$ cat query-v1.cif   # mmCIF, C-alpha atoms and all ligand atoms
data_query
loop_
_atom_site.label_atom_id
_atom_site.label_comp_id
_atom_site.auth_asym_id
_atom_site.auth_seq_id
_atom_site.Cartn_x
_atom_site.Cartn_y
_atom_site.Cartn_z
CA MET A 14 -86.09 -103.17 -13.75
CA ARG A 15 -82.98 -103.82 -11.77
CA GLN A 16 -83.92 -100.98 -9.51
CA ARG A 17 -87.47 -102.32 -9.03
CA GLY A 18 -86.09 -105.74 -8.25
CA GLY A 19 -83.78 -104.15 -5.74
CA LEU A 20 -86.70 -102.31 -4.22
CA ARG A 21 -88.70 -105.53 -3.94
CA LEU A 22 -85.81 -107.22 -2.27
CA PHE A 23 -85.53 -104.29 0.08
CA HIS A 24 -89.24 -104.55 0.96
CA LEU A 25 -88.95 -108.29 1.49
CA ALA A 26 -85.98 -107.81 3.77
CA LEU A 27 -87.88 -105.08 5.62
CA SER A 28 -90.90 -107.37 6.10
CA ILE A 29 -88.75 -110.19 7.41
CA GLY A 30 -86.99 -107.74 9.68
CA MET A 31 -90.28 -106.38 11.02
CA CYS A 32 -91.55 -109.91 11.70
CA TRP A 33 -88.38 -110.69 13.58
CA ILE A 34 -88.71 -107.53 15.64
CA TRP A 35 -92.38 -108.30 16.29
CA VAL A 36 -91.55 -111.75 17.66
CA GLU A 37 -88.46 -110.77 19.57
CA THR A 38 -89.62 -107.58 21.20
CA GLY A 39 -92.58 -105.98 22.83
CA PHE A 40 -95.28 -107.78 20.94
CA GLY A 41 -93.78 -111.16 21.67
CA PHE A 42 -93.34 -110.11 25.28
CA ASP A 43 -96.89 -108.92 25.64
CA ALA A 44 -98.22 -112.04 23.97
CA LYS A 45 -96.74 -114.03 26.82
CA HIS A 46 -98.92 -112.03 29.17
CA SER A 47 -101.99 -111.86 26.99
CA ASP A 48 -104.28 -113.04 29.79
CA ARG A 49 -102.67 -110.72 32.26
CA ASN A 50 -105.98 -109.57 33.68
CA ARG A 51 -106.60 -113.13 34.76
CA LEU A 52 -103.34 -113.38 36.69
CA PRO A 53 -103.65 -113.49 40.47
CA ALA A 54 -102.34 -110.63 42.60
CA SER A 55 -99.33 -112.74 43.57
CA VAL A 56 -97.75 -111.87 40.19
CA VAL A 57 -95.77 -108.67 40.48
CA PHE A 58 -94.54 -106.57 37.57
CA ASN A 59 -93.46 -103.48 39.48
CA GLY A 60 -93.69 -101.75 42.84
CA PRO A 61 -95.77 -98.71 43.76
CA SER A 62 -95.10 -95.72 41.53
CA THR A 63 -95.52 -93.38 44.47
CA SER A 64 -91.97 -93.77 45.79
CA ASN A 65 -88.57 -93.25 44.20
CA LYS A 66 -87.54 -96.88 44.67
CA ILE A 67 -86.23 -99.18 41.96
CA ALA A 68 -85.19 -102.86 42.15
CA LEU A 69 -82.41 -104.30 40.04
CA THR A 70 -82.79 -108.05 39.50
CA PHE A 71 -80.29 -110.54 38.07
CA ASP A 72 -81.16 -113.99 36.74
CA ALA A 73 -78.79 -116.94 36.99
CA CYS A 74 -80.26 -119.18 34.31
CA PRO A 75 -78.58 -122.56 33.72
CA GLY A 76 -77.12 -123.76 30.41
CA THR A 77 -74.08 -125.46 29.00
CA GLU A 78 -72.11 -122.27 28.45
CA VAL A 79 -73.23 -120.33 31.49
CA THR A 80 -70.93 -119.13 34.15
CA PHE A 81 -71.00 -116.90 37.19
CA ASP A 82 -70.36 -113.31 36.14
CA ARG A 83 -68.66 -112.18 39.33
CA GLU A 84 -67.99 -108.79 37.82
CA VAL A 85 -71.70 -108.05 38.07
CA ILE A 86 -71.57 -108.71 41.81
CA HIS A 87 -68.37 -106.67 42.15
CA ALA A 88 -69.94 -103.71 40.33
CA LEU A 89 -72.91 -103.81 42.71
CA GLU A 90 -70.63 -104.13 45.74
CA ARG A 91 -68.38 -101.27 44.67
CA THR A 92 -71.37 -98.98 44.28
CA GLY A 93 -73.11 -100.23 47.45
CA THR A 94 -76.17 -101.26 45.43
CA PRO A 95 -78.45 -103.96 46.85
CA ALA A 96 -80.13 -106.33 44.38
CA THR A 97 -82.37 -109.34 44.07
CA LEU A 98 -80.79 -112.41 42.50
CA PHE A 99 -82.87 -115.19 40.97
CA LEU A 100 -80.90 -118.44 41.01
CA SER A 101 -81.92 -121.56 39.09
CA GLY A 102 -81.43 -124.98 40.69
CA LYS A 103 -78.94 -126.17 38.11
CA TRP A 104 -76.94 -122.95 38.36
CA MET A 105 -76.77 -123.33 42.15
CA GLU A 106 -75.66 -126.96 41.79
CA ARG A 107 -72.89 -125.81 39.49
CA PHE A 108 -71.79 -122.97 41.76
CA PRO A 109 -72.58 -124.21 45.29
CA GLU A 110 -69.85 -122.21 47.02
CA ALA A 111 -70.82 -119.01 45.24
CA THR A 112 -74.45 -119.64 46.20
CA ARG A 113 -73.51 -120.04 49.87
CA GLU A 114 -71.44 -116.84 49.73
CA LEU A 115 -74.24 -114.86 48.09
CA ALA A 116 -76.68 -116.14 50.71
CA LYS A 117 -74.45 -114.84 53.53
CA ASN A 118 -74.30 -111.29 52.22
CA PRO A 119 -77.25 -109.14 53.39
CA MET A 120 -76.90 -106.93 50.29
CA TRP A 121 -78.51 -109.68 48.24
CA GLU A 122 -82.05 -110.89 48.38
CA LEU A 123 -82.22 -114.34 46.83
CA GLY A 124 -85.16 -115.72 44.91
CA PHE A 125 -85.27 -118.82 42.78
CA HIS A 126 -85.52 -119.21 39.06
CA GLY A 127 -86.84 -122.76 38.58
CA HIS A 128 -84.53 -125.69 38.18
CA ALA A 129 -83.63 -126.62 34.60
CA HIS A 130 -85.18 -123.55 32.95
CA TYR A 131 -88.08 -125.15 31.09
CA ASP A 132 -90.63 -122.78 29.60
CA LEU A 133 -93.52 -123.69 31.88
CA THR A 134 -96.09 -122.27 29.46
CA SER A 135 -95.03 -124.82 26.82
CA PRO A 136 -97.49 -127.65 26.09
CA ASN A 137 -94.46 -129.93 25.74
CA VAL A 138 -93.66 -129.69 29.44
CA SER A 139 -95.33 -132.59 31.26
CA GLN A 140 -97.00 -132.13 34.62
CA LYS A 141 -94.12 -134.03 36.22
CA LEU A 142 -91.53 -131.66 34.70
CA PHE A 143 -93.68 -128.69 35.65
CA GLU A 144 -93.74 -129.72 39.31
CA ARG A 145 -90.05 -130.60 39.28
CA GLU A 146 -89.15 -127.14 37.99
CA PHE A 147 -90.58 -125.73 41.21
CA ASP A 148 -89.74 -128.41 43.73
CA SER A 149 -86.23 -129.38 42.64
CA GLY A 150 -85.24 -125.73 42.34
CA ALA A 151 -86.65 -124.93 45.77
CA ARG A 152 -84.96 -127.99 47.32
CA VAL A 153 -81.52 -126.96 46.04
CA PHE A 154 -82.21 -123.40 47.19
CA LYS A 155 -83.00 -124.61 50.72
CA ARG A 156 -79.99 -126.92 50.87
CA LEU A 157 -77.49 -124.24 49.82
CA THR A 158 -78.96 -121.08 51.36
CA GLY A 159 -80.59 -122.58 54.44
CA LYS A 160 -83.88 -120.88 53.66
CA ASP A 161 -87.09 -121.54 51.78
CA PRO A 162 -87.47 -119.25 48.79
CA LYS A 163 -90.17 -116.59 48.93
CA LEU A 164 -89.75 -115.11 45.47
CA PHE A 165 -89.97 -116.92 42.15
CA ARG A 166 -89.04 -115.72 38.71
CA PRO A 167 -90.30 -118.25 36.16
CA PRO A 168 -87.85 -119.48 33.51
CA TYR A 169 -87.87 -117.05 30.57
CA ALA A 170 -90.03 -114.87 32.85
CA THR A 171 -93.07 -116.36 31.11
CA VAL A 172 -96.11 -116.56 33.30
CA ASP A 173 -99.71 -117.67 33.05
CA ARG A 174 -102.40 -118.39 35.59
CA LYS A 175 -101.35 -122.01 36.10
CA ILE A 176 -97.75 -121.02 36.90
CA ALA A 177 -98.82 -118.22 39.20
CA LEU A 178 -101.19 -120.48 41.15
CA ALA A 179 -98.57 -123.23 41.45
CA ALA A 180 -96.17 -120.64 42.87
CA GLU A 181 -98.83 -119.27 45.20
CA LYS A 182 -99.59 -122.76 46.49
CA ARG A 183 -95.93 -122.97 47.52
CA GLY A 184 -96.02 -119.60 49.25
CA LEU A 185 -94.16 -117.80 46.48
CA LEU A 186 -94.67 -114.39 44.93
CA THR A 187 -94.05 -114.48 41.18
CA ILE A 188 -91.73 -111.65 40.24
CA GLU A 189 -91.86 -110.39 36.68
CA TYR A 190 -90.45 -107.05 35.57
CA ASP A 191 -91.51 -103.87 33.80
CA ILE A 192 -88.15 -103.01 32.27
CA ALA A 193 -86.08 -105.53 30.30
CA SER A 194 -82.48 -104.37 30.13
CA GLY A 195 -81.94 -106.51 27.02
CA ASP A 196 -78.50 -107.53 28.29
CA PRO A 197 -78.46 -111.04 26.71
CA ASP A 198 -78.61 -109.49 23.24
CA PRO A 199 -75.10 -109.72 21.76
CA LYS A 200 -75.97 -106.89 19.35
CA LEU A 201 -76.76 -104.47 22.16
CA SER A 202 -73.70 -102.32 22.88
CA LYS A 203 -72.78 -101.15 26.35
CA ARG A 204 -73.92 -97.65 25.40
CA ALA A 205 -77.30 -98.90 24.12
CA LEU A 206 -77.76 -101.02 27.24
CA VAL A 207 -77.14 -98.02 29.49
CA GLU A 208 -79.51 -95.78 27.53
CA ASN A 209 -82.17 -98.48 27.28
CA VAL A 210 -82.34 -98.81 31.06
CA VAL A 211 -81.76 -95.20 32.11
CA SER A 212 -84.30 -93.76 29.67
CA ARG A 213 -87.08 -96.16 30.62
CA ALA A 214 -86.67 -96.64 34.39
CA LYS A 215 -89.49 -95.17 36.44
CA PRO A 216 -90.56 -95.15 40.09
CA GLY A 217 -91.28 -98.70 41.26
CA SER A 218 -89.56 -100.34 38.31
CA ILE A 219 -88.28 -103.90 38.48
CA ILE A 220 -85.45 -104.22 35.97
CA ILE A 221 -84.20 -107.56 34.70
CA PHE A 222 -80.51 -108.34 33.96
CA HIS A 223 -78.42 -111.51 33.90
CA MET A 224 -75.51 -112.70 36.06
CA ASN A 225 -74.76 -115.96 34.25
CA GLY A 226 -72.36 -114.56 31.66
CA LYS A 227 -75.11 -114.05 29.07
CA GLY A 228 -75.04 -110.31 29.59
CA LYS A 229 -71.86 -109.38 27.77
CA HIS A 230 -71.82 -105.74 28.91
CA THR A 231 -73.85 -105.94 32.11
CA ALA A 232 -71.01 -105.47 34.58
CA ARG A 233 -69.44 -102.60 32.63
CA ALA A 234 -72.79 -100.87 32.12
CA LEU A 235 -73.91 -101.06 35.74
CA PRO A 236 -71.78 -98.26 37.29
CA GLU A 237 -73.12 -95.68 34.82
CA ILE A 238 -76.70 -96.96 35.06
CA ILE A 239 -76.54 -96.76 38.85
CA GLN A 240 -74.87 -93.37 38.93
CA ARG A 241 -77.31 -91.77 36.45
CA LEU A 242 -80.41 -93.20 38.12
CA LYS A 243 -79.16 -92.06 41.53
CA ALA A 244 -78.62 -88.59 40.07
CA ARG A 245 -82.30 -88.64 39.07
CA GLY A 246 -83.21 -89.31 42.71
CA PHE A 247 -83.88 -93.04 42.56
CA GLU A 248 -83.03 -95.29 45.48
CA PHE A 249 -82.05 -98.92 44.85
CA VAL A 250 -83.76 -101.54 46.99
CA THR A 251 -84.48 -105.25 46.87
CA VAL A 252 -87.76 -106.46 45.37
CA SER A 253 -89.23 -107.07 48.85
CA GLU A 254 -88.27 -103.55 49.91
CA LEU A 255 -90.33 -102.20 47.02
CA ASN A 256 -93.32 -103.25 49.13
CA VAL A 257 -94.54 -105.31 46.23
CA ASP A 258 -97.09 -107.11 48.35
CA ARG A 259 -98.83 -103.77 48.76
CA ALA A 260 -98.32 -102.60 45.20
CA PRO A 261 -101.41 -101.38 43.39
CA ALA A 262 -102.52 -103.19 40.25
CA ALA A 263 -99.50 -103.24 38.01
CA SER A 264 -99.32 -100.94 35.05
CA ARG A 265 -98.71 -102.31 31.61
CA PRO A 266 -95.03 -103.14 31.14
CA THR A 267 -92.92 -100.99 28.88
CA PRO A 268 -92.11 -103.18 25.88
CA PRO A 269 -88.44 -104.08 25.53
CA VAL A 270 -86.54 -102.30 22.79
CA SER A 271 -84.93 -104.79 20.45
CA HIS A 272 -84.00 -107.96 22.19
CA THR A 273 -85.30 -111.03 23.89
CA SER A 274 -86.01 -110.19 27.49
CA GLU A 275 -84.89 -113.52 28.86
CA THR A 276 -82.64 -116.12 27.40
CA PRO A 277 -81.10 -119.02 29.27
ZN ZN B 301 -83.65 -117.35 32.97
#
$ encode --input "query-v1.cif" --output "structure tokens"
Amino acid sequence: MRQRGGLRLFHLALSIGMCWIWVETGFGFDAKHSDRNRLPASVVFNGPSTSNKIALTFDACPGTEVTFDREVIHALERTGTPATLFLSGKWMERFPEATRELAKNPMWELGFHGHAHYDLTSPNVSQKLFEREFDSGARVFKRLTGKDPKLFRPPYATVDRKIALAAEKRGLLTIEYDIASGDPDPKLSKRALVENVVSRAKPGSIIIFHMNGKGKHTARALPEIIQRLKARGFEFVTVSELNVDRAPAASRPTPPVSHTSETP
């Protein structure tokens, strides 16, 4: 009986574990894009699969504990790897000098990542907050970089038709991703992070990482990720250089492995 009880407990734990994985990983991710066929063409998940180009992207989400992970930038600089950085309004307000510096360096393409990082698909976000997420973020972007943003990554990378059309109205392409590095997951080791990205990257991929200190191993994983993908013949470019505006209909994203794709 003790054994059977143990088995039941094991099954219960397994069920709970499976539910957690279901919510936190691919199924949860796909659920966010359940009406993907209804999304306008201004939402981009990846570039054309006909070239060997890949875009690394780094989100600077705001939050009380966030910082600026300069080591991520140093790793990219040391390896001569261009990237697209998505900066939230509140992050830019907290790091105005860093934002100005990043804007001056032609290696970086800057996009914006909302303002306060509200989940814009949430019914709890009022219309006023919804608009502010776009307009306050874009205003800070303009003030600190001197330019209007052209690329938008929604907070938590959640998108629906309303968000995409609001972005479009403001002249923005909405940039999603097809590969989630999983770097905010504290349980993901450096080794697992490297393998997760290297094994799943494909031509035209847009890969999401973080540069706000939430990715514990991001900076240390980058040199190996970059070196191994280069050895496979990939070239690193910014999102715009992927020719995303001419990308064919996006393929279904590869579900993330075992992590939330985007956390603040
Ligand atoms: Zn974010």
$ closest_residue --input "query-v1.cif" --among "A:Val172, A:Ile221, A:Leu142, A:Ala214" --to "Arg245 (chain A)" --atoms "only C-alpha atoms"
A:Ala214
$ closest_residue --input "query-v1.cif" --among "A:Phe222, A:Trp121, A:Phe81, A:Phe58" --to "ligand ZN 301 (chain B)" --atoms "only C-alpha atoms and all ligand atoms"
A:Phe222
$ residues_around --input "query-v1.cif" --residues "Leu100 (chain A)" --least-positions-apart "5" --cutoff "8 Å" --atoms "all atoms listed in the file" --output "list of chain:residue names"
A:Asp72, A:Ala73, A:Cys74, A:Met105, A:Leu123, A:Gly124, A:Phe125, A:His126, A:Gly127
$ residues_around --input "query-v1.cif" --residues "region 128-141 of chain A" --least-positions-apart "3" --cutoff "12 Å" --atoms "all atoms listed in the file" --output "number ranges by chain"
A: 44-46, 72-77, 99-107, 125, 144-154, 165-177, 179-180, 275-277
$ write_last_selection --input "query-v1.cif" --atoms "C-alpha atoms" --output "compact mmCIF listing (two decimals), keeping the file's coordinate frame"
# COMPACT_ATOMS: atom_id res chain seq x y z
CA ALA A 44 -98.22 -112.04 23.97
CA LYS A 45 -96.74 -114.03 26.82
CA HIS A 46 -98.92 -112.03 29.17
CA ASP A 72 -81.16 -113.99 36.74
CA ALA A 73 -78.79 -116.94 36.99
CA CYS A 74 -80.26 -119.18 34.31
CA PRO A 75 -78.58 -122.56 33.72
CA GLY A 76 -77.12 -123.76 30.41
CA THR A 77 -74.08 -125.46 29.00
CA PHE A 99 -82.87 -115.19 40.97
CA LEU A 100 -80.90 -118.44 41.01
CA SER A 101 -81.92 -121.56 39.09
CA GLY A 102 -81.43 -124.98 40.69
CA LYS A 103 -78.94 -126.17 38.11
CA TRP A 104 -76.94 -122.95 38.36
CA MET A 105 -76.77 -123.33 42.15
CA GLU A 106 -75.66 -126.96 41.79
CA ARG A 107 -72.89 -125.81 39.49
CA PHE A 125 -85.27 -118.82 42.78
CA GLU A 144 -93.74 -129.72 39.31
CA ARG A 145 -90.05 -130.60 39.28
CA GLU A 146 -89.15 -127.14 37.99
CA PHE A 147 -90.58 -125.73 41.21
CA ASP A 148 -89.74 -128.41 43.73
CA SER A 149 -86.23 -129.38 42.64
CA GLY A 150 -85.24 -125.73 42.34
CA ALA A 151 -86.65 -124.93 45.77
CA ARG A 152 -84.96 -127.99 47.32
CA VAL A 153 -81.52 -126.96 46.04
CA PHE A 154 -82.21 -123.40 47.19
CA PHE A 165 -89.97 -116.92 42.15
CA ARG A 166 -89.04 -115.72 38.71
CA PRO A 167 -90.30 -118.25 36.16
CA PRO A 168 -87.85 -119.48 33.51
CA TYR A 169 -87.87 -117.05 30.57
CA ALA A 170 -90.03 -114.87 32.85
CA THR A 171 -93.07 -116.36 31.11
CA VAL A 172 -96.11 -116.56 33.30
CA ASP A 173 -99.71 -117.67 33.05
CA ARG A 174 -102.40 -118.39 35.59
CA LYS A 175 -101.35 -122.01 36.10
CA ILE A 176 -97.75 -121.02 36.90
CA ALA A 177 -98.82 -118.22 39.20
CA ALA A 179 -98.57 -123.23 41.45
CA ALA A 180 -96.17 -120.64 42.87
CA GLU A 275 -84.89 -113.52 28.86
CA THR A 276 -82.64 -116.12 27.40
CA PRO A 277 -81.10 -119.02 29.27
$ residues_around --input "query-v1.cif" --residues "region 206-212 of chain A" --least-positions-apart "4" --cutoff "8 Å" --atoms "all atoms listed in the file" --output "number ranges by chain"
A: 192-196, 201-202, 220, 230-231, 234-235, 237-238, 241-242, 270
$ build_atoms --input "query-v1.cif" --residues "region 114-146 of chain A" --atoms "N, CA and C atoms" --output "tab-separated table (two decimals), keeping the file's coordinate frame"
chain	number	residue	atom	x	y	z
A	114	GLU	N	-72.00	-118.19	49.48
A	114	GLU	CA	-71.44	-116.84	49.73
A	114	GLU	C	-72.49	-115.76	49.51
A	115	LEU	N	-73.21	-115.86	48.40
A	115	LEU	CA	-74.24	-114.86	48.09
A	115	LEU	C	-75.31	-114.84	49.18
A	116	ALA	N	-75.63	-116.03	49.69
A	116	ALA	CA	-76.68	-116.14	50.71
A	116	ALA	C	-76.26	-115.48	52.02
A	117	LYS	N	-74.94	-115.42	52.26
A	117	LYS	CA	-74.45	-114.84	53.53
A	117	LYS	C	-74.44	-113.32	53.51
A	118	ASN	N	-74.46	-112.74	52.32
A	118	ASN	CA	-74.30	-111.29	52.22
A	118	ASN	C	-75.66	-110.59	52.26
A	119	PRO	N	-75.92	-109.77	53.27
A	119	PRO	CA	-77.25	-109.14	53.39
A	119	PRO	C	-77.58	-108.14	52.27
A	120	MET	N	-76.59	-107.80	51.44
A	120	MET	CA	-76.90	-106.93	50.29
A	120	MET	C	-77.80	-107.61	49.27
A	121	TRP	N	-77.77	-108.95	49.28
A	121	TRP	CA	-78.51	-109.68	48.24
A	121	TRP	C	-79.76	-110.32	48.81
A	122	GLU	N	-80.84	-110.12	48.10
A	122	GLU	CA	-82.05	-110.89	48.38
A	122	GLU	C	-82.07	-112.00	47.33
A	123	LEU	N	-82.24	-113.23	47.79
A	123	LEU	CA	-82.22	-114.34	46.83
A	123	LEU	C	-83.63	-114.86	46.57
A	124	GLY	N	-83.93	-115.05	45.31
A	124	GLY	CA	-85.16	-115.72	44.91
A	124	GLY	C	-84.75	-116.91	44.05
A	125	PHE	N	-85.70	-117.73	43.65
A	125	PHE	CA	-85.27	-118.82	42.78
A	125	PHE	C	-85.92	-118.76	41.42
A	126	HIS	N	-85.24	-119.40	40.49
A	126	HIS	CA	-85.52	-119.21	39.06
A	126	HIS	C	-85.76	-120.58	38.42
A	127	GLY	N	-86.57	-121.42	39.10
A	127	GLY	CA	-86.84	-122.76	38.58
A	127	GLY	C	-85.62	-123.64	38.73
A	128	HIS	N	-85.65	-124.75	38.04
A	128	HIS	CA	-84.53	-125.69	38.18
A	128	HIS	C	-83.73	-125.80	36.88
A	129	ALA	N	-84.36	-126.39	35.85
A	129	ALA	CA	-83.63	-126.62	34.60
A	129	ALA	C	-84.01	-125.61	33.52
A	130	HIS	N	-84.84	-124.64	33.87
A	130	HIS	CA	-85.18	-123.55	32.95
A	130	HIS	C	-86.07	-124.00	31.79
A	131	TYR	N	-87.07	-124.83	32.10
A	131	TYR	CA	-88.08	-125.15	31.09
A	131	TYR	C	-89.07	-124.00	30.99
A	132	ASP	N	-89.55	-123.75	29.78
A	132	ASP	CA	-90.63	-122.78	29.60
A	132	ASP	C	-91.92	-123.43	30.10
A	133	LEU	N	-92.39	-123.02	31.24
A	133	LEU	CA	-93.52	-123.69	31.88
A	133	LEU	C	-94.85	-123.42	31.19
A	134	THR	N	-94.85	-122.50	30.23
A	134	THR	CA	-96.09	-122.27	29.46
A	134	THR	C	-96.15	-123.21	28.24
A	135	SER	N	-95.07	-123.96	28.01
A	135	SER	CA	-95.03	-124.82	26.82
A	135	SER	C	-95.89	-126.06	27.01
A	136	PRO	N	-96.68	-126.42	25.99
A	136	PRO	CA	-97.49	-127.65	26.09
A	136	PRO	C	-96.62	-128.90	26.11
A	137	ASN	N	-95.35	-128.76	25.74
A	137	ASN	CA	-94.46	-129.93	25.74
A	137	ASN	C	-93.91	-130.27	27.12
A	138	VAL	N	-94.16	-129.41	28.08
A	138	VAL	CA	-93.66	-129.69	29.44
A	138	VAL	C	-94.73	-130.48	30.19
A	139	SER	N	-94.37	-131.72	30.57
A	139	SER	CA	-95.33	-132.59	31.26
A	139	SER	C	-95.60	-132.04	32.66
A	140	GLN	N	-96.66	-132.56	33.26
A	140	GLN	CA	-97.00	-132.13	34.62
A	140	GLN	C	-95.86	-132.46	35.58
A	141	LYS	N	-95.22	-133.61	35.34
A	141	LYS	CA	-94.12	-134.03	36.22
A	141	LYS	C	-92.95	-133.03	36.13
A	142	LEU	N	-92.62	-132.64	34.89
A	142	LEU	CA	-91.53	-131.66	34.70
A	142	LEU	C	-91.91	-130.31	35.29
A	143	PHE	N	-93.17	-129.96	35.13
A	143	PHE	CA	-93.68	-128.69	35.65
A	143	PHE	C	-93.45	-128.62	37.17
A	144	GLU	N	-93.87	-129.69	37.84
A	144	GLU	CA	-93.74	-129.72	39.31
A	144	GLU	C	-92.26	-129.73	39.71
A	145	ARG	N	-91.48	-130.48	38.95
A	145	ARG	CA	-90.05	-130.60	39.28
A	145	ARG	C	-89.34	-129.25	39.16
A	146	GLU	N	-89.77	-128.46	38.19
A	146	GLU	CA	-89.15	-127.14	37.99
A	146	GLU	C	-89.27	-126.30	39.28
